[in-house]
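Engineer: This is entry27.txt (compact mmCIF, N, CA and C atoms).
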```
# COMPACT_ATOMS: atom_id res chain seq x y z
N MET A 1 0.82 -1.19 0.00
CA MET A 1 0.00 0.00 0.00
C MET A 1 0.87 1.26 0.00
N THR A 2 1.96 1.26 0.75
CA THR A 2 2.83 2.43 0.83
C THR A 2 3.51 2.70 -0.50
N LYS A 3 3.93 1.64 -1.20
CA LYS A 3 4.57 1.82 -2.51
C LYS A 3 3.59 2.45 -3.50
N PHE A 4 2.33 2.02 -3.43
CA PHE A 4 1.33 2.59 -4.32
C PHE A 4 1.12 4.07 -4.01
N THR A 5 1.07 4.43 -2.74
CA THR A 5 0.88 5.83 -2.35
C THR A 5 2.04 6.69 -2.84
N ILE A 6 3.26 6.19 -2.67
CA ILE A 6 4.43 6.94 -3.12
C ILE A 6 4.40 7.11 -4.64
N PHE A 7 4.05 6.03 -5.35
CA PHE A 7 3.96 6.11 -6.80
C PHE A 7 2.89 7.11 -7.23
N ALA A 8 1.72 7.09 -6.57
CA ALA A 8 0.64 8.01 -6.91
C ALA A 8 1.05 9.45 -6.65
N LEU A 9 1.72 9.71 -5.55
CA LEU A 9 2.18 11.07 -5.26
C LEU A 9 3.22 11.53 -6.27
N ALA A 10 4.12 10.63 -6.66
CA ALA A 10 5.13 10.99 -7.66
C ALA A 10 4.47 11.30 -9.00
N ALA A 11 3.50 10.50 -9.39
CA ALA A 11 2.79 10.74 -10.65
C ALA A 11 2.03 12.05 -10.60
N LEU A 12 1.39 12.31 -9.48
CA LEU A 12 0.63 13.55 -9.33
C LEU A 12 1.54 14.76 -9.38
N SER A 13 2.66 14.71 -8.66
CA SER A 13 3.56 15.86 -8.65
C SER A 13 4.18 16.11 -10.02
N SER A 14 4.52 15.06 -10.75
CA SER A 14 5.08 15.26 -12.08
C SER A 14 4.03 15.84 -13.02
N GLY A 15 2.79 15.45 -12.87
CA GLY A 15 1.71 16.01 -13.68
C GLY A 15 1.50 17.47 -13.39
N LEU A 16 1.65 17.86 -12.15
CA LEU A 16 1.47 19.26 -11.79
C LEU A 16 2.58 20.12 -12.38
N LEU A 17 3.77 19.54 -12.53
CA LEU A 17 4.86 20.30 -13.12
C LEU A 17 4.66 20.48 -14.62
N ILE A 18 4.00 19.55 -15.27
CA ILE A 18 3.80 19.61 -16.71
C ILE A 18 2.58 20.46 -17.08
N SER A 19 1.51 20.35 -16.33
CA SER A 19 0.26 20.97 -16.74
C SER A 19 0.28 22.50 -16.87
N PRO A 20 0.98 23.27 -16.02
CA PRO A 20 0.95 24.72 -16.23
C PRO A 20 1.51 25.14 -17.59
N SER A 21 2.58 24.48 -18.05
CA SER A 21 3.14 24.86 -19.35
C SER A 21 2.18 24.49 -20.47
N VAL A 22 1.50 23.38 -20.35
CA VAL A 22 0.52 22.98 -21.35
C VAL A 22 -0.63 23.98 -21.36
N ALA A 23 -1.10 24.37 -20.18
CA ALA A 23 -2.20 25.33 -20.11
C ALA A 23 -1.80 26.67 -20.70
N ALA A 24 -0.55 27.09 -20.47
CA ALA A 24 -0.10 28.39 -20.99
C ALA A 24 -0.06 28.38 -22.51
N GLU A 25 0.29 27.24 -23.10
CA GLU A 25 0.37 27.16 -24.55
C GLU A 25 -1.01 27.17 -25.21
N SER A 26 -2.01 26.68 -24.53
CA SER A 26 -3.30 26.50 -25.17
C SER A 26 -4.33 27.54 -24.78
N SER A 27 -3.93 28.68 -24.25
CA SER A 27 -4.90 29.65 -23.78
C SER A 27 -5.30 30.69 -24.83
N VAL A 28 -4.72 30.64 -26.01
CA VAL A 28 -5.05 31.60 -27.06
C VAL A 28 -5.20 30.85 -28.39
N ARG A 29 -6.18 31.23 -29.16
CA ARG A 29 -6.37 30.68 -30.50
C ARG A 29 -6.49 31.84 -31.48
N ILE A 30 -6.02 31.63 -32.69
CA ILE A 30 -6.11 32.64 -33.73
C ILE A 30 -7.11 32.16 -34.77
N ILE A 31 -8.05 33.02 -35.09
CA ILE A 31 -9.06 32.72 -36.11
C ILE A 31 -8.70 33.53 -37.35
N GLU A 32 -8.29 32.84 -38.39
CA GLU A 32 -7.94 33.52 -39.63
C GLU A 32 -9.21 33.96 -40.35
N VAL A 33 -9.22 35.21 -40.81
CA VAL A 33 -10.40 35.74 -41.49
C VAL A 33 -10.07 36.36 -42.84
N ALA A 34 -8.80 36.34 -43.23
CA ALA A 34 -8.40 36.98 -44.48
C ALA A 34 -9.10 36.38 -45.69
N ASP A 35 -9.43 35.10 -45.61
CA ASP A 35 -10.07 34.43 -46.75
C ASP A 35 -11.59 34.50 -46.71
N LEU A 36 -12.14 35.21 -45.73
CA LEU A 36 -13.60 35.28 -45.58
C LEU A 36 -14.14 36.66 -45.94
N ASP A 37 -15.32 36.70 -46.53
CA ASP A 37 -16.05 37.94 -46.73
C ASP A 37 -17.02 38.04 -45.56
N LEU A 38 -16.59 38.75 -44.51
CA LEU A 38 -17.38 38.82 -43.28
C LEU A 38 -18.70 39.56 -43.45
N ALA A 39 -18.87 40.25 -44.56
CA ALA A 39 -20.12 40.95 -44.81
C ALA A 39 -21.18 40.04 -45.45
N SER A 40 -20.76 38.89 -45.95
CA SER A 40 -21.70 37.98 -46.60
C SER A 40 -22.21 36.93 -45.61
N PRO A 41 -23.41 36.42 -45.84
CA PRO A 41 -23.93 35.36 -44.96
C PRO A 41 -23.04 34.11 -44.94
N THR A 42 -22.48 33.75 -46.08
CA THR A 42 -21.60 32.58 -46.14
C THR A 42 -20.34 32.82 -45.31
N GLY A 43 -19.75 33.99 -45.45
CA GLY A 43 -18.56 34.32 -44.68
C GLY A 43 -18.85 34.37 -43.19
N GLN A 44 -20.00 34.88 -42.81
CA GLN A 44 -20.37 34.93 -41.39
C GLN A 44 -20.56 33.52 -40.84
N HIS A 45 -21.17 32.64 -41.64
CA HIS A 45 -21.38 31.25 -41.21
C HIS A 45 -20.03 30.55 -41.03
N GLN A 46 -19.12 30.74 -41.97
CA GLN A 46 -17.80 30.13 -41.86
C GLN A 46 -17.05 30.68 -40.65
N PHE A 47 -17.22 31.98 -40.40
CA PHE A 47 -16.58 32.57 -39.23
C PHE A 47 -17.13 31.97 -37.94
N GLN A 48 -18.46 31.81 -37.87
CA GLN A 48 -19.06 31.22 -36.67
C GLN A 48 -18.56 29.79 -36.44
N THR A 49 -18.39 29.05 -37.51
CA THR A 49 -17.86 27.69 -37.41
C THR A 49 -16.45 27.72 -36.83
N ARG A 50 -15.62 28.63 -37.33
CA ARG A 50 -14.24 28.74 -36.83
C ARG A 50 -14.21 29.21 -35.39
N ALA A 51 -15.07 30.16 -35.04
CA ALA A 51 -15.12 30.67 -33.66
C ALA A 51 -15.57 29.58 -32.70
N THR A 52 -16.55 28.80 -33.12
CA THR A 52 -17.03 27.70 -32.28
C THR A 52 -15.95 26.66 -32.08
N ARG A 53 -15.24 26.33 -33.14
CA ARG A 53 -14.13 25.36 -33.04
C ARG A 53 -13.05 25.89 -32.09
N ALA A 54 -12.72 27.17 -32.18
CA ALA A 54 -11.72 27.76 -31.29
C ALA A 54 -12.19 27.71 -29.83
N ALA A 55 -13.47 27.99 -29.61
CA ALA A 55 -14.03 27.95 -28.25
C ALA A 55 -13.96 26.55 -27.67
N ILE A 56 -14.26 25.55 -28.49
CA ILE A 56 -14.21 24.16 -28.02
C ILE A 56 -12.77 23.78 -27.66
N GLU A 57 -11.81 24.18 -28.50
CA GLU A 57 -10.41 23.87 -28.24
C GLU A 57 -9.92 24.58 -26.98
N LEU A 58 -10.30 25.84 -26.80
CA LEU A 58 -9.85 26.61 -25.65
C LEU A 58 -10.46 26.14 -24.34
N CYS A 59 -11.74 25.85 -24.35
CA CYS A 59 -12.46 25.60 -23.11
C CYS A 59 -12.52 24.13 -22.72
N GLY A 60 -12.25 23.27 -23.66
CA GLY A 60 -12.27 21.85 -23.35
C GLY A 60 -13.67 21.33 -23.10
N GLU A 61 -13.73 20.21 -22.38
CA GLU A 61 -15.00 19.58 -22.08
C GLU A 61 -15.01 19.15 -20.62
N ALA A 62 -16.20 18.94 -20.09
CA ALA A 62 -16.35 18.44 -18.73
C ALA A 62 -17.18 17.16 -18.78
N SER A 63 -17.02 16.35 -17.78
CA SER A 63 -17.76 15.11 -17.68
C SER A 63 -19.26 15.38 -17.59
N ASN A 64 -20.06 14.46 -18.11
CA ASN A 64 -21.51 14.60 -18.03
C ASN A 64 -22.02 14.63 -16.60
N VAL A 65 -21.29 14.04 -15.67
CA VAL A 65 -21.74 14.01 -14.27
C VAL A 65 -21.29 15.25 -13.50
N ASP A 66 -20.44 16.07 -14.08
CA ASP A 66 -19.94 17.29 -13.42
C ASP A 66 -20.74 18.49 -13.91
N LEU A 67 -21.89 18.73 -13.28
CA LEU A 67 -22.76 19.81 -13.74
C LEU A 67 -22.11 21.18 -13.61
N SER A 68 -21.40 21.41 -12.53
CA SER A 68 -20.73 22.69 -12.35
C SER A 68 -19.66 22.89 -13.43
N GLY A 69 -18.90 21.83 -13.69
CA GLY A 69 -17.87 21.90 -14.74
C GLY A 69 -18.47 22.13 -16.10
N ARG A 70 -19.59 21.47 -16.39
CA ARG A 70 -20.26 21.66 -17.69
C ARG A 70 -20.75 23.10 -17.82
N ASN A 71 -21.26 23.67 -16.73
CA ASN A 71 -21.70 25.07 -16.76
C ASN A 71 -20.52 26.00 -16.99
N ASP A 72 -19.38 25.70 -16.35
CA ASP A 72 -18.17 26.51 -16.54
C ASP A 72 -17.70 26.45 -17.99
N VAL A 73 -17.71 25.26 -18.56
CA VAL A 73 -17.30 25.09 -19.96
C VAL A 73 -18.25 25.85 -20.88
N ARG A 74 -19.53 25.74 -20.63
CA ARG A 74 -20.53 26.44 -21.45
C ARG A 74 -20.32 27.96 -21.37
N GLN A 75 -20.08 28.46 -20.16
CA GLN A 75 -19.85 29.90 -20.00
C GLN A 75 -18.57 30.33 -20.69
N CYS A 76 -17.53 29.52 -20.58
CA CYS A 76 -16.26 29.81 -21.24
C CYS A 76 -16.46 29.90 -22.75
N ARG A 77 -17.16 28.92 -23.31
CA ARG A 77 -17.40 28.92 -24.76
C ARG A 77 -18.21 30.13 -25.19
N ASP A 78 -19.24 30.48 -24.41
CA ASP A 78 -20.03 31.67 -24.72
C ASP A 78 -19.17 32.92 -24.70
N ASP A 79 -18.27 33.02 -23.71
CA ASP A 79 -17.39 34.18 -23.60
C ASP A 79 -16.43 34.27 -24.79
N VAL A 80 -15.85 33.14 -25.18
CA VAL A 80 -14.90 33.13 -26.30
C VAL A 80 -15.62 33.52 -27.60
N ILE A 81 -16.80 32.97 -27.82
CA ILE A 81 -17.54 33.29 -29.05
C ILE A 81 -17.95 34.76 -29.05
N ALA A 82 -18.37 35.29 -27.91
CA ALA A 82 -18.72 36.71 -27.82
C ALA A 82 -17.51 37.59 -28.11
N GLN A 83 -16.35 37.18 -27.59
CA GLN A 83 -15.10 37.91 -27.83
C GLN A 83 -14.77 37.92 -29.32
N ALA A 84 -14.92 36.77 -29.96
CA ALA A 84 -14.64 36.67 -31.40
C ALA A 84 -15.61 37.52 -32.21
N ASN A 85 -16.89 37.47 -31.84
CA ASN A 85 -17.90 38.27 -32.57
C ASN A 85 -17.64 39.76 -32.41
N GLN A 86 -17.22 40.17 -31.23
CA GLN A 86 -16.90 41.59 -31.02
C GLN A 86 -15.74 42.01 -31.92
N GLN A 87 -14.71 41.18 -31.98
CA GLN A 87 -13.57 41.51 -32.84
C GLN A 87 -13.96 41.46 -34.32
N ARG A 88 -14.87 40.55 -34.68
CA ARG A 88 -15.36 40.49 -36.06
C ARG A 88 -16.03 41.81 -36.43
N GLU A 89 -16.84 42.35 -35.52
CA GLU A 89 -17.51 43.62 -35.78
C GLU A 89 -16.50 44.75 -35.98
N VAL A 90 -15.45 44.74 -35.20
CA VAL A 90 -14.39 45.75 -35.35
C VAL A 90 -13.73 45.60 -36.71
N ARG A 91 -13.46 44.36 -37.13
CA ARG A 91 -12.85 44.12 -38.43
C ARG A 91 -13.76 44.60 -39.55
N LEU A 92 -15.06 44.35 -39.42
CA LEU A 92 -16.01 44.81 -40.44
C LEU A 92 -16.02 46.33 -40.52
N ALA A 93 -16.02 46.98 -39.38
CA ALA A 93 -16.07 48.45 -39.36
C ALA A 93 -14.79 49.06 -39.93
N SER A 94 -13.66 48.44 -39.67
CA SER A 94 -12.39 49.01 -40.13
C SER A 94 -11.92 48.41 -41.45
N ARG A 95 -12.66 47.42 -41.95
CA ARG A 95 -12.31 46.72 -43.18
C ARG A 95 -10.92 46.08 -43.10
N SER A 96 -10.59 45.58 -41.92
CA SER A 96 -9.32 44.90 -41.71
C SER A 96 -9.50 43.40 -41.91
N ALA A 97 -8.49 42.74 -42.46
CA ALA A 97 -8.54 41.30 -42.67
C ALA A 97 -7.54 40.58 -41.78
N GLY A 98 -7.04 41.28 -40.75
CA GLY A 98 -6.08 40.65 -39.84
C GLY A 98 -6.72 39.53 -39.05
N PRO A 99 -5.91 38.61 -38.52
CA PRO A 99 -6.46 37.49 -37.76
C PRO A 99 -7.08 37.96 -36.45
N ILE A 100 -7.98 37.17 -35.92
CA ILE A 100 -8.65 37.48 -34.67
C ILE A 100 -8.11 36.55 -33.61
N ARG A 101 -7.67 37.10 -32.48
CA ARG A 101 -7.14 36.31 -31.38
C ARG A 101 -8.20 36.22 -30.29
N VAL A 102 -8.46 35.02 -29.82
CA VAL A 102 -9.39 34.82 -28.72
C VAL A 102 -8.68 34.05 -27.62
N ALA A 103 -9.11 34.28 -26.38
CA ALA A 103 -8.49 33.62 -25.23
C ALA A 103 -9.54 33.22 -24.24
N ALA A 104 -9.27 32.17 -23.52
CA ALA A 104 -10.15 31.74 -22.44
C ALA A 104 -9.63 32.34 -21.14
N ARG A 105 -10.56 32.70 -20.28
CA ARG A 105 -10.13 33.30 -19.00
C ARG A 105 -10.12 32.28 -17.93
```
Now that the file is in, can you turn its structure into structure tokens?

Structural biologist:
Amino acid sequence: MTKFTIFALAALSSGLLISPSVAAESSVRIIEVADLDLASPTGQHQFQTRATRAAIELCGEASNVDLSGRNDVRQCRDDVIAQANQQREVRLASRSAGPIRVAAR
């Protein structure tokens, strides 16, 4: 039993050392929009698809039994998509085709 506890603690501590760097790398996504006509319905649909994909990648998923976690993920995704839509509106107003950066908080 003691060997198992020591092994579990070693595995846990090594995971904690790795996870912050992984989290730091995955906290921002870039949505390319140069190839889209954001003023057209087709371009807006393609943008929404890309924004949704970025939100899913940034926020991850929670277990079906973790209701609080699922609510957190849902809120995170809503925030990321709202952030992307706000930047899309700025791009439309300024006629800029630069990429849009979104981040999870």

Engineer: Excluding Gly60 of chain A and residues on its chain fewer than 3 positions from it, collect all residues at most 8 Å away from it, counting all atoms listed in the file, and give them as an mmCIF file with N, CA and C atoms, keeping the file's coordinate frame.

Structural biologist:
```
data_model
loop_
_atom_site.group_PDB
_atom_site.id
_atom_site.type_symbol
_atom_site.label_atom_id
_atom_site.label_comp_id
_atom_site.auth_asym_id
_atom_site.auth_seq_id
_atom_site.Cartn_x
_atom_site.Cartn_y
_atom_site.Cartn_z
ATOM 1 N N ALA A 54 -12.720 27.170 -32.180
ATOM 2 C CA ALA A 54 -11.720 27.760 -31.290
ATOM 3 C C ALA A 54 -12.190 27.710 -29.830
ATOM 4 N N ALA A 55 -13.470 27.990 -29.610
ATOM 5 C CA ALA A 55 -14.030 27.950 -28.250
ATOM 6 C C ALA A 55 -13.960 26.550 -27.670
ATOM 7 N N ILE A 56 -14.260 25.550 -28.490
ATOM 8 C CA ILE A 56 -14.210 24.160 -28.020
ATOM 9 C C ILE A 56 -12.770 23.780 -27.660
ATOM 10 N N GLU A 57 -11.810 24.180 -28.500
ATOM 11 C CA GLU A 57 -10.410 23.870 -28.240
ATOM 12 C C GLU A 57 -9.920 24.580 -26.980
ATOM 13 N N VAL A 73 -17.710 25.260 -18.560
ATOM 14 C CA VAL A 73 -17.300 25.090 -19.960
ATOM 15 C C VAL A 73 -18.250 25.850 -20.880
ATOM 16 N N ARG A 74 -19.530 25.740 -20.630
ATOM 17 C CA ARG A 74 -20.530 26.440 -21.450
ATOM 18 C C ARG A 74 -20.320 27.960 -21.370
ATOM 19 N N CYS A 76 -17.530 29.520 -20.580
ATOM 20 C CA CYS A 76 -16.260 29.810 -21.240
ATOM 21 C C CYS A 76 -16.460 29.900 -22.750
ATOM 22 N N ARG A 77 -17.160 28.920 -23.310
ATOM 23 C CA ARG A 77 -17.400 28.920 -24.760
ATOM 24 C C ARG A 77 -18.210 30.130 -25.190
#
```

Engineer: Would you mind telling me which residue in A:Asn85, A:Gln46, A:Ser68, A:Gln75 lies nearest to Ala34 of chain A when using only C-alpha atoms?

Structural biologist: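 That would be A:Gln46, the residue with the smallest distance to Ala34 of chain A.
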
Engineer: Quote the spacing between atom N of Val28 of chain A and atom C of Arg105 of chain A in Å to one decimal place.

Structural biologist: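 Interatomic distance, atom N of Val28 of chain A to atom C of Arg105 of chain A: 9.9 Å.
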
Engineer: Run DSSP on the backbone of this structure and report the residues of segment 30-105 of chain A it assigns to strand (DSSP E or B), as a list in words.

Structural biologist: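 Assigned to strand (DSSP E or B), within segment 30-105 of chain A: Ile30, Ile31, Ile100, Arg101, Val102 and Ala103 of chain A.
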
Engineer: Write out the residues from the selection above, keeping N, CA and C atoms, as a CSV table (one decimal), in the coordinates of the input.

Structural biologist:
```
chain,number,residue,atom,x,y,z
A,30,ILE,N,-6.0,31.6,-32.7
A,30,ILE,CA,-6.1,32.6,-33.7
A,30,ILE,C,-7.1,32.2,-34.8
A,31,ILE,N,-8.0,33.0,-35.1
A,31,ILE,CA,-9.1,32.7,-36.1
A,31,ILE,C,-8.7,33.5,-37.4
A,100,ILE,N,-8.0,37.2,-35.9
A,100,ILE,CA,-8.6,37.5,-34.7
A,100,ILE,C,-8.1,36.6,-33.6
A,101,ARG,N,-7.7,37.1,-32.5
A,101,ARG,CA,-7.1,36.3,-31.4
A,101,ARG,C,-8.2,36.2,-30.3
A,102,VAL,N,-8.5,35.0,-29.8
A,102,VAL,CA,-9.4,34.8,-28.7
A,102,VAL,C,-8.7,34.0,-27.6
A,103,ALA,N,-9.1,34.3,-26.4
A,103,ALA,CA,-8.5,33.6,-25.2
A,103,ALA,C,-9.5,33.2,-24.2
```

Engineer: Expressed in Å to a single decimal, how great is the separation between atom CA of Thr52 of chain A and atom C of Arg95 of chain A?

Structural biologist: 22.2 Å

Engineer: Do you know which residues are at most 5 Å from Pro99 of chain A counting only N, CA and C atoms, after dropping those on the same chain fewer than 6 positions away, and could you put them as number ranges by chain?

Structural biologist: A: 31-33

Engineer: By how many Å are atom CA of Ala84 of chain A and atom N of Arg101 of chain A apart?

Structural biologist: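 Atom CA of Ala84 of chain A sits 7.1 Å away from atom N of Arg101 of chain A.
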
Engineer: Quick one: residues within 6.5 Å of Ala103 of chain A, all atoms listed in the file counted, chain neighbours fewer than 3 positions away excluded, as a short mmCIF file (atom, residue, chain, number, x, y, z; two decimals) with N, CA and C atoms, keeping the file's coordinate frame?

Structural biologist:
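Written file, around35.cif:
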```
data_model
loop_
_atom_site.label_atom_id
_atom_site.label_comp_id
_atom_site.auth_asym_id
_atom_site.auth_seq_id
_atom_site.Cartn_x
_atom_site.Cartn_y
_atom_site.Cartn_z
N SER A 27 -3.93 28.68 -24.25
CA SER A 27 -4.90 29.65 -23.78
C SER A 27 -5.30 30.69 -24.83
N VAL A 28 -4.72 30.64 -26.01
CA VAL A 28 -5.05 31.60 -27.06
C VAL A 28 -5.20 30.85 -28.39
N ARG A 29 -6.18 31.23 -29.16
CA ARG A 29 -6.37 30.68 -30.50
C ARG A 29 -6.49 31.84 -31.48
N VAL A 80 -15.85 33.14 -25.18
CA VAL A 80 -14.90 33.13 -26.30
C VAL A 80 -15.62 33.52 -27.60
#
```
